Amino acid sequence: MALMSIENLSVERRLADASLEIDEGEVLGLIGPNGAGKSTLLSAITGLVAGSGRVLLRGEDLQRVDSLQKARQIALQPQFIESVWALSVHDIVSMGRLPWGDSDQAVIQAAMAQAKVTPFAGRHVNELSGGERARVWLARVLANQPLLMLVDEPVANLDIHYQQEVMQILRDYARAGHAVVIAIHDLSLAARYCDRLCLMDGGRIVKTDTVDAVLNDATLSPVFKVEVYVDLDNNPPVVLAR
Amino acid sequence: MERYLNPLLLLVAVVATMLSLASGTLELDVIPALGDWFSGSLTPQALIVGEIRLPRTLLALVVGAAMGMSGAALQGLLRNPLVDPGLIGASQGAALGAALVFYFNLFSGLGALATPIAGLIGAALTLFILMGLSGSMARPAIIIMAGLAISTLASALLAVVLNFAPNPYAMQELVFWLLGSVSNRGLDNLAVLLPAFALGSFMLLAQRRLLLGISLGEQVADSMGLEVTRRGRYIVLGTALLVGSSVAVAGNIGFVGLVVPHLLRPLVRYRPDRLLLPSALAGAIVVLLADILVRQLPPERELKLGVLTALVGAPFFVWLVWKERQRWL
């Protein structure tokens, strides 16, 4: 049985009839042009935007699950996140435990170690560089220990070193009996780190398939309205607009 | 430091309370006088401490605590250090309610309690309109807009009442009352204030997790199962209860709710959930100290407590805007 089944999920004017299965252990990449509905799909899965359709987690309809219980199983990392107060890194990571109502230090320390933020645990998050901050946000969702992690553009503002680190952390998390869905623009990174891809356009899912089946010029160019150069045999794989 | 903050503030509050009971034109030994009053032996000293200074002191403490805590909660909910708890309209509603007492001589059977009770009704009415206007699905920002609209309306009606004041004495009395003070109020005022204070502060303290979670934004708080819309309403309601009841009893004592949380924030490592209790304690201390200061001035030129807090608080607000400005540039 799939970890999550999404059945005919629709949000007025933004998402039409999305159906999708997410398996345990996998990293699923959501790709598509700006405004394709990737972020809306992520929000709709968590129920943060109202819509129609069903979302089943291990066969259980999420509409019947109360919000804290749901938040223990699904964590969302939005694209834009900012701490308005000068909170410490440790305090931010501890927020991952809010749905659980505890402050399990073992879990928090492990999450910080995994995201490599332990060295600056006591510093204010607003003093960190963009790359360090991205890992702090990631540590928060790791401390949440969700079954399914939804991450919106986690590497958008990062240099190539941090991009790899973050993607690797996400893949490791998925492999440990969870699943991760990443909305991502960088198709080369998607090719390298995702197990399957879901291509979206205009609020609809165009195709959900293996990386090879989605990342080719015939599939991508009508959606992105640009010719695409794909070399998946290269190490690392390369996908670029011509 | 953080661990000692609350005990330290509590200690200062106790010292300030003793100071307040001891300060006045007549010098007396506070503890024996208080003991006499509690045991029912009504010596002149016991009467002065028990009937005059004790109500005044307790009112200052509770009003200050209400202002401090509601300011901390509302700043946390709206993620804005420049927010004053008066924003949501409850204080203007309370002022209008009280003004109508002066104008129409309402509730004359209640004696001195007529003003606070009318104030409380005024605050409750504004709150009722606020909830109706903002709707059941309102996000915090919408509620604040609605609050601002209602407080503007209440201020306009208050101006009408002032404009048509039946006689200059009523008007003077009303204006003085609006300026904010805890003097000449009996212990029965506490009976009006305390239930609202207890309920309001309970509502705020129960939402500490939301205050922490929402520091990363409403979307993140929602995704953590904290239900911003539903729980946020409790914070608005609790704030309105605290502010409305305080204004109903003591008039406008401004800027405490704005300034106190701001000063304490670094001492709790900017944790909005840990700011509530210290803000309540420090708010109580600040208002009580201000009231002690007011009492040192010659009685024929009484400076109202609310005027003093505004005199100190307003320049601080100007400085705060100046400092915060750099963040927005």
# chains A, B, ... in the order shown; residues from 1 in each chain; ligands from 1
>>> residues_around(residues="Ala66 (chain B)", least_positions_apart="2", cutoff="10 Å", atoms="only C-alpha atoms", output="number ranges by chain")
B: 60-64, 68-71, 85, 193, 196-198, 200-201, 238-239, 241-246, 256-257, 279-281, 283-284
>>> residues_around(residues="region 183-188 of chain B", least_positions_apart="6", cutoff="10 Å", atoms="only C-alpha atoms", output="list of chain:residue names")
B:Gly50, B:Glu51, B:Ile52, B:Arg53, B:Leu54, B:Pro55, B:Arg56, B:Thr57, B:Leu58, B:Leu59, B:Ala60, B:Ala112, B:Leu113, B:Val249, B:Ala250, B:Asp291, B:Arg295, B:Lys304, B:Leu305
>>> interface_residues(of="chain B", to="chain A", cutoff="8 Å", atoms="only C-alpha atoms", output="VMD selection string")
chain B and resid 79 to 80 209 212 to 213 215 to 217 219 to 220 222 to 227 269 to 271
>>> write_last_selection(atoms="C-alpha atoms", output="PDB file, in the first residue's frame")
ATOM      1  CA  ARG B  79       4.521  39.363  15.133  1.00  0.00           C
ATOM      2  CA  ASN B  80       5.033  43.072  15.568  1.00  0.00           C
ATOM      3  CA  ARG B 209       2.388  27.219  21.972  1.00  0.00           C
ATOM      4  CA  LEU B 212       5.899  30.340  19.771  1.00  0.00           C
ATOM      5  CA  GLY B 213       4.869  28.597  16.561  1.00  0.00           C
ATOM      6  CA  SER B 215       6.959  33.396  15.118  1.00  0.00           C
ATOM      7  CA  LEU B 216       7.816  31.487  11.930  1.00  0.00           C
ATOM      8  CA  GLY B 217       4.665  32.745  10.203  1.00  0.00           C
ATOM      9  CA  GLN B 219       1.504  29.125   7.473  1.00  0.00           C
ATOM     10  CA  VAL B 220       4.136  27.293   9.506  1.00  0.00           C
ATOM     11  CA  ASP B 222      -0.953  26.156  10.813  1.00  0.00           C
ATOM     12  CA  SER B 223       1.151  23.336   9.389  1.00  0.00           C
ATOM     13  CA  MET B 224       2.228  22.460  12.935  1.00  0.00           C
ATOM     14  CA  GLY B 225      -1.424  21.902  13.794  1.00  0.00           C
ATOM     15  CA  LEU B 226      -1.743  25.097  15.828  1.00  0.00           C
ATOM     16  CA  GLU B 227      -4.907  26.343  14.089  1.00  0.00           C
ATOM     17  CA  ARG B 269      15.808  35.105  24.581  1.00  0.00           C
ATOM     18  CA  TYR B 270      13.016  36.553  22.422  1.00  0.00           C
ATOM     19  CA  ARG B 271      10.696  33.628  23.166  1.00  0.00           C
TER      20      ARG B 271
END
>>> select_by_dssp(residues="chain A", states="strand (DSSP E or B)", output="PyMOL selection string")
chain A and resi 4-11+15-22+27-31+52-57+60-61+74-77+88+124+148-152+179-183+196-201+204-210+228-231+238-241
>>> residues_around(residues="Gly93 (chain B)", least_positions_apart="2", cutoff="6 Å", atoms="only C-alpha atoms", output="PyMOL selection string")
chain B and resi 90-91+95-96+122-123+126+154
>>> residues_around(residues="Ser39 (chain A)", least_positions_apart="6", cutoff="9 Å", atoms="only C-alpha atoms", output="number ranges by chain")
A: 78-79, 152, 183
>>> select_by_dssp(residues="region 185-262 of chain B", states="helix (DSSP H, G or I)", output="MDAnalysis selection string")
chainID B and resid 188:205 208:216 218:223 228:250 256:262
>>> write_last_selection(atoms="C-alpha atoms", output="short mmCIF file (atom, residue, chain, number, x, y, z; two decimals), in the first residue's frame")
data_model
loop_
_atom_site.label_atom_id
_atom_site.label_comp_id
_atom_site.auth_asym_id
_atom_site.auth_seq_id
_atom_site.Cartn_x
_atom_site.Cartn_y
_atom_site.Cartn_z
CA ASP B 188 -15.11 46.45 45.36
CA ASN B 189 -13.53 47.57 42.07
CA LEU B 190 -11.35 44.51 42.31
CA ALA B 191 -14.50 42.39 42.25
CA VAL B 192 -15.16 43.76 38.76
CA LEU B 193 -11.58 43.50 37.61
CA LEU B 194 -10.39 40.17 39.02
CA PRO B 195 -12.77 37.72 37.29
CA ALA B 196 -12.04 39.33 33.91
CA PHE B 197 -8.33 39.33 34.71
CA ALA B 198 -8.34 35.67 35.72
CA LEU B 199 -10.26 34.54 32.65
CA GLY B 200 -8.31 36.75 30.24
CA SER B 201 -4.88 35.75 31.49
CA PHE B 202 -5.87 32.09 31.49
CA MET B 203 -6.90 32.40 27.84
CA LEU B 204 -3.57 33.97 26.93
CA LEU B 205 -1.42 31.55 28.92
CA ARG B 208 1.64 29.94 24.53
CA ARG B 209 2.39 27.22 21.97
CA LEU B 210 0.67 29.21 19.24
CA LEU B 211 2.67 32.31 20.21
CA LEU B 212 5.90 30.34 19.77
CA GLY B 213 4.87 28.60 16.56
CA ILE B 214 3.56 31.72 14.89
CA SER B 215 6.96 33.40 15.12
CA LEU B 216 7.82 31.49 11.93
CA GLU B 218 1.01 31.80 10.11
CA GLN B 219 1.50 29.12 7.47
CA VAL B 220 4.14 27.29 9.51
CA ALA B 221 2.03 27.58 12.67
CA ASP B 222 -0.95 26.16 10.81
CA SER B 223 1.15 23.34 9.39
CA VAL B 228 -4.04 30.03 13.90
CA THR B 229 -7.57 31.21 13.17
CA ARG B 230 -9.26 29.40 16.05
CA ARG B 231 -6.55 29.81 18.67
CA GLY B 232 -5.79 33.37 17.58
CA ARG B 233 -9.31 34.34 18.55
CA TYR B 234 -8.65 33.27 22.12
CA ILE B 235 -5.71 35.62 22.24
CA VAL B 236 -7.79 38.50 20.88
CA LEU B 237 -10.60 37.68 23.33
CA GLY B 238 -8.24 37.37 26.27
CA THR B 239 -6.55 40.66 25.40
CA ALA B 240 -9.90 42.39 25.09
CA LEU B 241 -10.96 41.07 28.50
CA LEU B 242 -7.78 42.26 30.17
CA VAL B 243 -7.68 45.66 28.49
CA GLY B 244 -11.42 46.29 28.65
CA SER B 245 -11.68 45.52 32.36
CA SER B 246 -8.58 47.55 33.18
CA VAL B 247 -9.82 50.61 31.35
CA ALA B 248 -13.26 50.14 32.89
CA VAL B 249 -11.76 50.37 36.37
CA ALA B 250 -8.82 52.72 35.95
CA VAL B 256 2.67 49.98 29.48
CA GLY B 257 1.47 47.19 27.18
CA LEU B 258 3.65 48.47 24.38
CA VAL B 259 6.86 49.20 26.23
CA VAL B 260 7.15 46.50 28.91
CA PRO B 261 7.17 43.42 26.62
CA HIS B 262 9.65 45.17 24.38
#
